[in-house]
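So the structure is just underneath, and the comments pick up after that.
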Number of protein chains: 4
Amino acid sequence: MSLLSDVLTTVFSRSNRRRLLSAPDNRSTEALIGDLLSGHGEISGMTTAAQILDRYGELDDAGKLAFFDHLSEGLGIDIGEVRAALDAFEAEPGQGSYGAFLKAAEPRRQELARRLNRVPGATPQLVAMRSDLLRLIPRKDPRARIDLDFQHLFASWFNRGFLVLRRINWESPAQILEKIIAYEAVHAIHSWDDLRRRVEPSDRRCFAFFHPAMPDEPLIFVEVALTKGIPGSVQGLLTEGRAPLAAEEADTAVFYSISNCQAGLAGISFGNSLIKQVAEDLAAELPNLSTFVTLSPIPTLTKWMAEQGIDPDKLDDDGLKSVAAQFLLHAKRGDGMPYDPVARFHLGNGAYVYAVHAGADLSKKGMAESAGAMVNYRYEAESFAENHERFAGQQEVVASKAVRALVKTPAAA
Amino acid sequence: MSLLSDVLTTVFSRSNRRRLLSAPDNRSTEALIGDLLSGHGEISGMTTAAQILDRYGELDDAGKLAFFDHLSEGLGIDIGEVRAALDAFEAEPGQGSYGAFLKAAEPRRQELARRLNRVPGATPQLVAMRSDLLRLIPRKDPRARIDLDFQHLFASWFNRGFLVLRRINWESPAQILEKIIAYEAVHAIHSWDDLRRRVEPSDRRCFAFFHPAMPDEPLIFVEVALTKGIPGSVQGLLTEGRAPLAAEEADTAVFYSISNCQAGLAGISFGNSLIKQVAEDLAAELPNLSTFVTLSPIPTLTKWMAEQGIDPDKLDDDGLKSVAAQFLLHAKRGDGMPYDPVARFHLGNGAYVYAVHAGADLSKKGMAESAGAMVNYRYEAESFAENHERFAGQQEVVASKAVRALVKTPAAA
Amino acid sequence: MSLLSDVLTTVFSRSNRRRLLSAPDNRSTEALIGDLLSGHGEISGMTTAAQILDRYGELDDAGKLAFFDHLSEGLGIDIGEVRAALDAFEAEPGQGSYGAFLKAAEPRRQELARRLNRVPGATPQLVAMRSDLLRLIPRKDPRARIDLDFQHLFASWFNRGFLVLRRINWESPAQILEKIIAYEAVHAIHSWDDLRRRVEPSDRRCFAFFHPAMPDEPLIFVEVALTKGIPGSVQGLLTEGRAPLAAEEADTAVFYSISNCQAGLAGISFGNSLIKQVAEDLAAELPNLSTFVTLSPIPTLTKWMAEQGIDPDKLDDDGLKSVAAQFLLHAKRGDGMPYDPVARFHLGNGAYVYAVHAGADLSKKGMAESAGAMVNYRYEAESFAENHERFAGQQEVVASKAVRALVKTPAAA
Amino acid sequence: MSLLSDVLTTVFSRSNRRRLLSAPDNRSTEALIGDLLSGHGEISGMTTAAQILDRYGELDDAGKLAFFDHLSEGLGIDIGEVRAALDAFEAEPGQGSYGAFLKAAEPRRQELARRLNRVPGATPQLVAMRSDLLRLIPRKDPRARIDLDFQHLFASWFNRGFLVLRRINWESPAQILEKIIAYEAVHAIHSWDDLRRRVEPSDRRCFAFFHPAMPDEPLIFVEVALTKGIPGSVQGLLTEGRAPLAAEEADTAVFYSISNCQAGLAGISFGNSLIKQVAEDLAAELPNLSTFVTLSPIPTLTKWMAEQGIDPDKLDDDGLKSVAAQFLLHAKRGDGMPYDPVARFHLGNGAYVYAVHAGADLSKKGMAESAGAMVNYRYEAESFAENHERFAGQQEVVASKAVRALVKTPAAA
């Protein structure tokens, strides 16, 4: 057997959890958890951990809630212990007292998750566990605090430095492609032929981040169209029977869809670096590319218009563009950040509002959410830092002169 | 380009850190660190992080010590803040107060390491950083406490669930093989031909753990000989010009060398699961294998004999075996654990002392450390759990009847 | 870039034919062919060859016929030259005279094909060329003889020793899978979901032969169902919503569909070794498999029944089985070989007729061709050689006792 | 198991010939060959073929000669049969008569080789068989004519279109690298460290052609140095402790060593396309490369000088250069082709003599063969075709003005 296959077999092995269980263990799950956490050796620990994961996998929602109750009540910090360790460290700040403090201050459920993760194939199960947690426990519920422990661990495990960027195309495994179909959240993919139109033509690209411990599961993906000039509607991009452009002839890369795939990784941000890295890679591959923009939805526009008493049906295209520009530049949440979540994402990445379009997404969803309006956010290496500074520092929304002009000349009302 | 090469290029890309630096930044490293930690966005953060790593890479030892001083003094916890956050959490244990406590209780240098790690190729640099730390700062030095933060992070990042087992053989890349030569710590590999004798014959195996973010760097490796019967000397195993056995004919797998490769990962244990997983894989591949043993050095035997006033030159083979058995079963450290570190490792894994041999390692090192004695620790699936229980619980060293008999009939003195 | 990706990139490179053409060449294709055949060096030859292939690719059917005319008329053997070379070799049988004979006796179009094949990506183009030939020139046409030259070359190039067996499953590239859908010739695949039912479940397998110079093109593939016992109908195998069997629990491997993919490789046999190798591989992977059978159509049964004046509508199931058994065992072509082509294939491989079933293929095609009857041919390692001997030697159709009994008790007429 | 590993396992499987032999067959090898050639089915044929190859592998030289005798005497063409088939084809040139002629005119040993090749792993064995043939039978021996049959088959099997170009570097498998060490025929590689100096530095490249059926065996490889300017000595290139150049800064690619690896493929030319393809690939990767030259030995210079009565010891550097230029431009074999084989190779590829150097190869071999002189042949895309035309057509050796000038001013004699 060659090294080639060794590597692939082990890196990408389905990681079917080994049959580690010799005999069924009759103790309660709480007892098994206690055993795993007190465990002296990794070996019996693996068996115990596998058993806990197996049992969790068979729980119904009530059982899962009970499991989370145990995590919440039984495996947090002991406030008295933390305080004592802190005092001891303050009195004599050596390695011993520091270690004791670190141990006391870390809730035991974090160590539990790390020990569960030693089992082959456990990582996606733990991600699914957090997905259950987010689904079952409302944010205001005090038990929701245990999500912070998951977040903390996942931010460490899914650190950008551990992610792998893979191109998705028509040569990708069917089992990856079917997940792209399932997870596409912006412009739905209706069939395998529809998918093919997004990944196979010479002027289309799709990239996803993967984690080596979840090789079959894309974490987030972006769809890109290579075009001449900046397109103003998504219909043009997705139309059937287009004559594709040779990639070398394109001057513009349009990021027209970005979708997160894992509910259990909500809030673990890697989207910003995805766009940036894809832009870098495309620029290296295709030297003629000079413009990098999104073609983005404005998912909260009609909601805001309703709040403002603006009737979309009374607006012509220019009127809609003007309202959309006004919305993007000036509509804010309570905390001063933009009202629109997509705007927050791209502006937070250092992009700026480049152009707005009417009649740009005529799908049912597009009409319902934004009356058909869309927006290009532009990514420019030269202005990243400054845009970001202005946005993050003064909450200023940077926009092109043309978009700013739209606001100055409001639509006839 | 096919998916195959996409995957491989990205998973195993050399990860040459991208040239992220546009212009040199004249601020102090402390200022850059402050910037990175306060950073609002990932994008400018990558540039800053790359710059900090670059600067660290060019520091001399004095500069590194200054860097560690800053980690130690400037980036720890604020005791007052922790105490306040703890009080607030105690008063009202909600998600907000819990998050505030977690943030306060985690030293900022941990977040620094996570942010540095976002830079492609940073992981091996951070491992090297800890290796510097261990080399430069004595354990008793109060600054040594920052090693606990590295340990904490690395235990999470190098979690067993993220490691990949790869077979090392004569088809492995030369750049991996040269590291096997360099890192072999038990029985030195003298040349490429010597290496070949350990990895190419049908009755030899070598396996290593890798982390996907360090694909060129084995973390730990084990060398295995497939034999008929349990061998009593390492000379027999390593001799030139042996006629190799067909793997299918072997009944015994002998783990005769285990070497850690990364000084920066000292104390991050994955060795125990390596042996266990290799044993499982070999058992699945070669159903005739029924016995799994080590052929291990006893590196502290002569040291202990000197302490006991025993002169190895006065012992014949039986005498040496008896002393070695006595040593392995009864010589303890202050904490009641076995005196010998290799014994601690295998007994802690659930193995037991199966046989001792004289004249088993006639190399200069073997004679100096153990007067030529070696030991087989045996790994038996049936007795793992109980052995481990007895060892971890009552510090009892489990041994075969034959070895116990050696102790009962001490050598003539 | 790692070796891994080097290998893959080159082995599986799309082999886009390089832009070898500097300037258009105004000479006729005949002149280019002459140039290529007389060419002294490989270098200019590559350009010329690429040009010939490009021109061929743009020909319409009339143009292709003219091209084949030239192959047929202008690039055969020179009978006088062969005769002279033969005389000279007879007179003095040395290396020189032998070489001269070999050269004279080989039609120049064979050397042409070899030189065309030097261009990267040419192999599938040459296969397509033969496919055109078979389509455009009737077998009786004297020009059809040039097909023998293609056959001769392809038998050498697609020698069993050069083929690669690959498993096709749900992890296979979409572009391979869509070809499986397109090429399935026995039981049509209606959709991607239908395909998935054939390749994803634990008790389904699909394997194909590939040639390294055509990595995206399966040559022939076989679909296998793992079952308990020998199934008597294809409906049972292909039904939706089955509960799949664990592969380890199966005792029988059923080859229920074999499809050739390349019209241009008609008559180049590799199907027999496909079944044999798949059976070997499955037996190695799944030791519980003890029975290897096909579930095969009888595509000429109703045609033969019509010739015999047997009306399928007047037969009950037992009657149909009896007629089918009679047909399989005794209906012959003029040359004494079985009437049914599928029977010829499997009997020629050393299989024997194991069982016949009525109501076994209720699809429109199955009813039309065989009135719903199907047959199991059984592959037994122990009887291969003898079955084959009896069939190849005495044209005897070996059958199980049960099938022979069916013939003895003919259906009521 | 993923497709990735499927592909790799099958493409690059060690192809250990399967244990196809059930029971030993007592018939003579001649009988087995007869059986294989008359064989009706592929299945028993595989067993027979494997047996023939196994027996051949155990023969001593006398046995091999007897085997070749049988190939030569018993498996050639039947002259009378060929003549009859030719007459029949002439009389009625249909597909049947043509097929009968093709069959008669092809010596049966070619079909034998094709059938032997069906056994997995047979290809390298057949290459080794030809290597035995070339070693054991002198070219003048009438039996040597059977080599033409091997040549014919191998030219078809090892067609350029089937070869794979792989980069060889320090990440290549050790088992490939050890073959590079063994096969280097121009400038011997003395150790693994010496090898590393040729494949690891940023300004060094090595490429080899492989055949997919012999994935562990390079067929031919070329070593390349990337330099600034055209180097005039090999010592400079191979010196230890050089500071390597960044590849992007090089303007010149120097092909300083080309070695054939397989004695059994002698005369099957693929070297010319190797240089051309490597040059193309390097030009695509490194746009700054503008010059492609060799630094070549002149292996027959001193031999020719001795024939001419020229004493190298009496020549200074200028004198030697002049004599070398004279030799390269004007010394011819009986057939009008250049005296020097390396010159024939590169000039035949369309390169021209660009510069000659004295003191350029001070190794023992270099001094003995060429008194230390070396030559640059230059490959220029613009002049390929014309150079080749002049060389192949009029046997004219194209040279730079500078080299021609050297000839005009002969060394002092």
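By order in the structure tokens, chains are A, B, ...; within a chain, residues start at 1; ligands start at 1, following the order shown.
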Using only C-alpha atoms, determine which residues lie at most 8 Å from region 333-347 of chain D, disregarding the query and same-chain residues fewer than 3 positions distant; provide the list as an mmCIF file with C-alpha atoms, in the first residue's frame.
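Resulting contents of result_7.cif:
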data_model
loop_
_atom_site.group_PDB
_atom_site.id
_atom_site.type_symbol
_atom_site.label_atom_id
_atom_site.label_comp_id
_atom_site.auth_asym_id
_atom_site.auth_seq_id
_atom_site.Cartn_x
_atom_site.Cartn_y
_atom_site.Cartn_z
ATOM 1 C CA ASN D 272 13.130 14.477 -26.902
ATOM 2 C CA SER D 296 26.266 18.444 -21.937
ATOM 3 C CA PRO D 297 29.214 16.089 -21.933
ATOM 4 C CA ILE D 298 31.093 15.290 -25.154
ATOM 5 C CA PRO D 299 31.631 11.634 -24.307
ATOM 6 C CA THR D 300 33.549 10.631 -27.442
ATOM 7 C CA LEU D 301 35.832 13.653 -27.766
ATOM 8 C CA LEU D 328 31.061 18.838 -32.857
ATOM 9 C CA LEU D 329 30.542 20.584 -36.162
ATOM 10 C CA HIS D 330 32.443 18.347 -38.513
ATOM 11 C CA GLY D 350 16.090 20.716 -32.989
ATOM 12 C CA ALA D 351 18.664 22.239 -30.607
ATOM 13 C CA TYR D 352 21.850 23.866 -31.885
ATOM 14 C CA VAL D 353 25.444 24.104 -30.648
ATOM 15 C CA TYR D 377 23.048 22.923 -26.786
ATOM 16 C CA ASN D 387 17.272 23.550 -37.066
ATOM 17 C CA HIS D 388 15.610 20.217 -37.177
ATOM 18 C CA PHE D 391 19.790 18.598 -39.499
ATOM 19 C CA GLN D 395 22.703 16.616 -41.883
ATOM 20 C CA VAL D 397 24.954 20.919 -37.687
ATOM 21 C CA VAL D 398 23.597 24.323 -36.747
#
- alpha helix (DSSP H) positions in region 285-375 of chain D, given as an MDAnalysis selection string: chainID D and resid 285 301:308 317:330 341:348 364:370
Can you write just those residues out, C-alpha atoms, as a PDB file, in the first residue's frame?
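Written output follows (result_28.pdb):
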ATOM      1  CA  GLU D 285       5.619  28.307 -14.036  1.00  0.00           C
ATOM      2  CA  LEU D 301      35.832  13.653 -27.766  1.00  0.00           C
ATOM      3  CA  THR D 302      39.064  12.123 -26.476  1.00  0.00           C
ATOM      4  CA  LYS D 303      38.404   8.912 -28.370  1.00  0.00           C
ATOM      5  CA  TRP D 304      38.119  10.890 -31.597  1.00  0.00           C
ATOM      6  CA  MET D 305      41.137  13.003 -30.701  1.00  0.00           C
ATOM      7  CA  ALA D 306      43.155   9.828 -30.266  1.00  0.00           C
ATOM      8  CA  GLU D 307      42.025   8.646 -33.682  1.00  0.00           C
ATOM      9  CA  GLN D 308      43.084  12.002 -35.095  1.00  0.00           C
ATOM     10  CA  ASP D 317      41.916  25.902 -22.965  1.00  0.00           C
ATOM     11  CA  ASP D 318      41.458  27.837 -26.167  1.00  0.00           C
ATOM     12  CA  GLY D 319      42.970  25.011 -28.113  1.00  0.00           C
ATOM     13  CA  LEU D 320      40.669  22.483 -26.545  1.00  0.00           C
ATOM     14  CA  LYS D 321      37.621  24.621 -27.235  1.00  0.00           C
ATOM     15  CA  SER D 322      38.608  24.964 -30.834  1.00  0.00           C
ATOM     16  CA  VAL D 323      39.142  21.229 -31.233  1.00  0.00           C
ATOM     17  CA  ALA D 324      35.856  20.506 -29.504  1.00  0.00           C
ATOM     18  CA  ALA D 325      34.015  22.915 -31.799  1.00  0.00           C
ATOM     19  CA  GLN D 326      35.655  21.317 -34.805  1.00  0.00           C
ATOM     20  CA  PHE D 327      34.644  17.904 -33.535  1.00  0.00           C
ATOM     21  CA  LEU D 328      31.061  18.838 -32.857  1.00  0.00           C
ATOM     22  CA  LEU D 329      30.542  20.584 -36.162  1.00  0.00           C
ATOM     23  CA  HIS D 330      32.443  18.347 -38.513  1.00  0.00           C
ATOM     24  CA  PRO D 341      25.888  10.386 -29.593  1.00  0.00           C
ATOM     25  CA  VAL D 342      24.888  13.244 -27.300  1.00  0.00           C
ATOM     26  CA  ALA D 343      25.230  15.623 -30.234  1.00  0.00           C
ATOM     27  CA  ARG D 344      23.042  13.379 -32.359  1.00  0.00           C
ATOM     28  CA  PHE D 345      20.382  13.390 -29.625  1.00  0.00           C
ATOM     29  CA  HIS D 346      20.129  17.142 -29.096  1.00  0.00           C
ATOM     30  CA  LEU D 347      20.626  18.165 -32.716  1.00  0.00           C
ATOM     31  CA  GLY D 348      17.969  15.623 -33.659  1.00  0.00           C
ATOM     32  CA  LYS D 364      37.692  11.736 -13.496  1.00  0.00           C
ATOM     33  CA  LYS D 365      35.116  10.686 -16.052  1.00  0.00           C
ATOM     34  CA  GLY D 366      34.900  14.162 -17.568  1.00  0.00           C
ATOM     35  CA  MET D 367      38.660  14.391 -17.975  1.00  0.00           C
ATOM     36  CA  ALA D 368      38.900  10.917 -19.461  1.00  0.00           C
ATOM     37  CA  GLU D 369      36.133  11.308 -21.984  1.00  0.00           C
ATOM     38  CA  SER D 370      36.438  14.906 -23.084  1.00  0.00           C
TER      39      SER D 370
END
- Message: From a backbone DSSP assignment, name each residue in region 260-398 of chain C labelled strand (DSSP E or B), as a ChimeraX atom specification.
- Response: /C:260,291-294,296-297,332,338,352-357,374-379
Residue contacts of Gln262 (chain C) (8 Å, only C-alpha atoms) excluding same-chain residues fewer than 5 positions away, as an mmCIF file with all heavy atoms, in the first residue's frame:
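Written output follows (out_24.cif):
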data_model
loop_
_atom_site.group_PDB
_atom_site.id
_atom_site.type_symbol
_atom_site.label_atom_id
_atom_site.label_comp_id
_atom_site.auth_asym_id
_atom_site.auth_seq_id
_atom_site.Cartn_x
_atom_site.Cartn_y
_atom_site.Cartn_z
ATOM 1 N N VAL C 127 -10.490 6.804 -29.989
ATOM 2 C CA VAL C 127 -11.612 5.905 -29.698
ATOM 3 C C VAL C 127 -12.881 6.442 -30.356
ATOM 4 O O VAL C 127 -13.663 5.686 -30.952
ATOM 5 C CB VAL C 127 -11.786 5.728 -28.169
ATOM 6 C CG1 VAL C 127 -13.088 5.008 -27.844
ATOM 7 C CG2 VAL C 127 -10.600 4.973 -27.579
ATOM 8 N N LEU C 219 -14.832 2.485 -18.892
ATOM 9 C CA LEU C 219 -14.864 1.658 -20.100
ATOM 10 C C LEU C 219 -16.012 0.658 -20.018
ATOM 11 O O LEU C 219 -16.696 0.393 -20.997
ATOM 12 C CB LEU C 219 -13.537 0.908 -20.264
ATOM 13 C CG LEU C 219 -12.274 1.766 -20.257
ATOM 14 C CD1 LEU C 219 -11.052 0.896 -20.498
ATOM 15 C CD2 LEU C 219 -12.353 2.869 -21.291
ATOM 16 N N ILE C 220 -16.187 0.084 -18.866
ATOM 17 C CA ILE C 220 -17.245 -0.903 -18.631
ATOM 18 C C ILE C 220 -17.496 -0.898 -17.146
ATOM 19 O O ILE C 220 -16.585 -0.656 -16.357
ATOM 20 C CB ILE C 220 -16.797 -2.306 -19.104
ATOM 21 C CG1 ILE C 220 -17.940 -3.310 -19.004
ATOM 22 C CG2 ILE C 220 -15.609 -2.808 -18.339
ATOM 23 C CD1 ILE C 220 -17.603 -4.655 -19.649
#
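Residue nearest chain A within the list D:Asp361, D:Asp216, D:Glu248, D:Glu81: D:Asp216 [criterion: smallest interatomic distance, only C-alpha atoms].
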- What lies within 8 Å of Leu148 (chain B) using only C-alpha atoms, ignoring chain neighbours under 4 positions off, as a ChimeraX atom specification? /A:95,99 /B:144,152
Against chain A, which residues of chain C fall within 6 Å? For each one I want the closest pair of atoms and the distance in Å (one decimal), counting only C-alpha atoms, rows by chain and increasing residue number, as a tab-separated table.
residue	atom	partner	partner_atom	distance
C:Trp170	CA	A:Ala174	CA	5.5
C:Glu171	CA	A:Pro173	CA	4.4
C:Ser172	CA	A:Pro173	CA	4.8
C:Pro173	CA	A:Pro173	CA	4.3
C:Ala174	CA	A:Ala174	CA	5.3
C:Gln175	CA	A:Glu171	CA	5.5
Please produce an output containing all heavy atoms for each residue in the selection, written as a short mmCIF file (atom, residue, chain, number, x, y, z; two decimals), in the first residue's frame.
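Full text of out_39.cif as output:
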data_model
loop_
_atom_site.label_atom_id
_atom_site.label_comp_id
_atom_site.auth_asym_id
_atom_site.auth_seq_id
_atom_site.Cartn_x
_atom_site.Cartn_y
_atom_site.Cartn_z
N TRP C 170 -20.95 6.86 -3.90
CA TRP C 170 -21.54 8.19 -3.76
C TRP C 170 -20.49 9.25 -3.50
O TRP C 170 -20.76 10.44 -3.47
CB TRP C 170 -22.63 8.15 -2.68
CG TRP C 170 -23.56 9.33 -2.69
CD1 TRP C 170 -23.78 10.21 -1.67
CD2 TRP C 170 -24.38 9.78 -3.78
NE1 TRP C 170 -24.69 11.17 -2.06
CE2 TRP C 170 -25.07 10.93 -3.34
CE3 TRP C 170 -24.59 9.31 -5.09
CZ2 TRP C 170 -25.97 11.65 -4.16
CZ3 TRP C 170 -25.48 10.01 -5.91
CH2 TRP C 170 -26.15 11.17 -5.43
N GLU C 171 -19.26 8.80 -3.29
CA GLU C 171 -18.14 9.74 -3.15
C GLU C 171 -17.43 9.96 -4.48
O GLU C 171 -16.45 10.70 -4.54
CB GLU C 171 -17.14 9.21 -2.13
CG GLU C 171 -17.75 9.04 -0.75
CD GLU C 171 -16.79 8.38 0.21
OE1 GLU C 171 -15.64 8.81 0.29
OE2 GLU C 171 -17.21 7.40 0.86
N SER C 172 -17.87 9.30 -5.51
CA SER C 172 -17.23 9.48 -6.81
C SER C 172 -17.56 10.85 -7.38
O SER C 172 -18.58 11.44 -7.04
CB SER C 172 -17.72 8.40 -7.79
OG SER C 172 -17.38 7.12 -7.31
N PRO C 173 -16.67 11.36 -8.25
CA PRO C 173 -16.92 12.66 -8.87
C PRO C 173 -18.23 12.64 -9.66
O PRO C 173 -18.55 11.66 -10.35
CB PRO C 173 -15.74 12.84 -9.82
CG PRO C 173 -14.67 11.97 -9.27
CD PRO C 173 -15.39 10.80 -8.64
N ALA C 174 -18.95 13.74 -9.59
CA ALA C 174 -20.22 13.84 -10.31
C ALA C 174 -20.03 13.57 -11.80
O ALA C 174 -20.88 12.96 -12.45
CB ALA C 174 -20.82 15.23 -10.09
N GLN C 175 -18.92 13.99 -12.34
CA GLN C 175 -18.75 13.80 -13.78
C GLN C 175 -18.57 12.34 -14.18
O GLN C 175 -18.81 11.97 -15.32
CB GLN C 175 -17.59 14.64 -14.30
CG GLN C 175 -16.25 14.20 -13.77
CD GLN C 175 -15.15 14.79 -14.61
OE1 GLN C 175 -15.40 15.48 -15.58
NE2 GLN C 175 -13.92 14.52 -14.24
#
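Relative to CA of Ala104 (chain C), CA of Arg83 (chain D) is found at 13.2 Å.
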- Message: If we count only C-alpha atoms and set the cut-off at 8 Å, which residues sit around Ser131 (chain B), ignoring sequence neighbours fewer than 3 positions away in its own chain? Please answer as a PyMOL selection string.
- Response: chain B and resi 127-128+134-135+263-265
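If only C-alpha atoms are the atoms counted, then among C:Asn376, C:Gln277, C:Thr252, C:Ser269 the closest residue to Thr294 (chain C) is C:Asn376.
With distances restricted to only C-alpha atoms, B:Leu32 is the closest residue to Gln51 (chain B) from B:Ala105, B:Leu153, B:Leu32, B:Ile77.
Using only C-alpha atoms, the shortest contact distance between Gly74 (chain D) and any of D:Ser290, D:Arg115, D:Arg143, D:Ala358 is found at D:Arg143.
Counting from CA of Asp316 (chain D), the distance to CA of Lys228 (chain D) is 27.5 Å.
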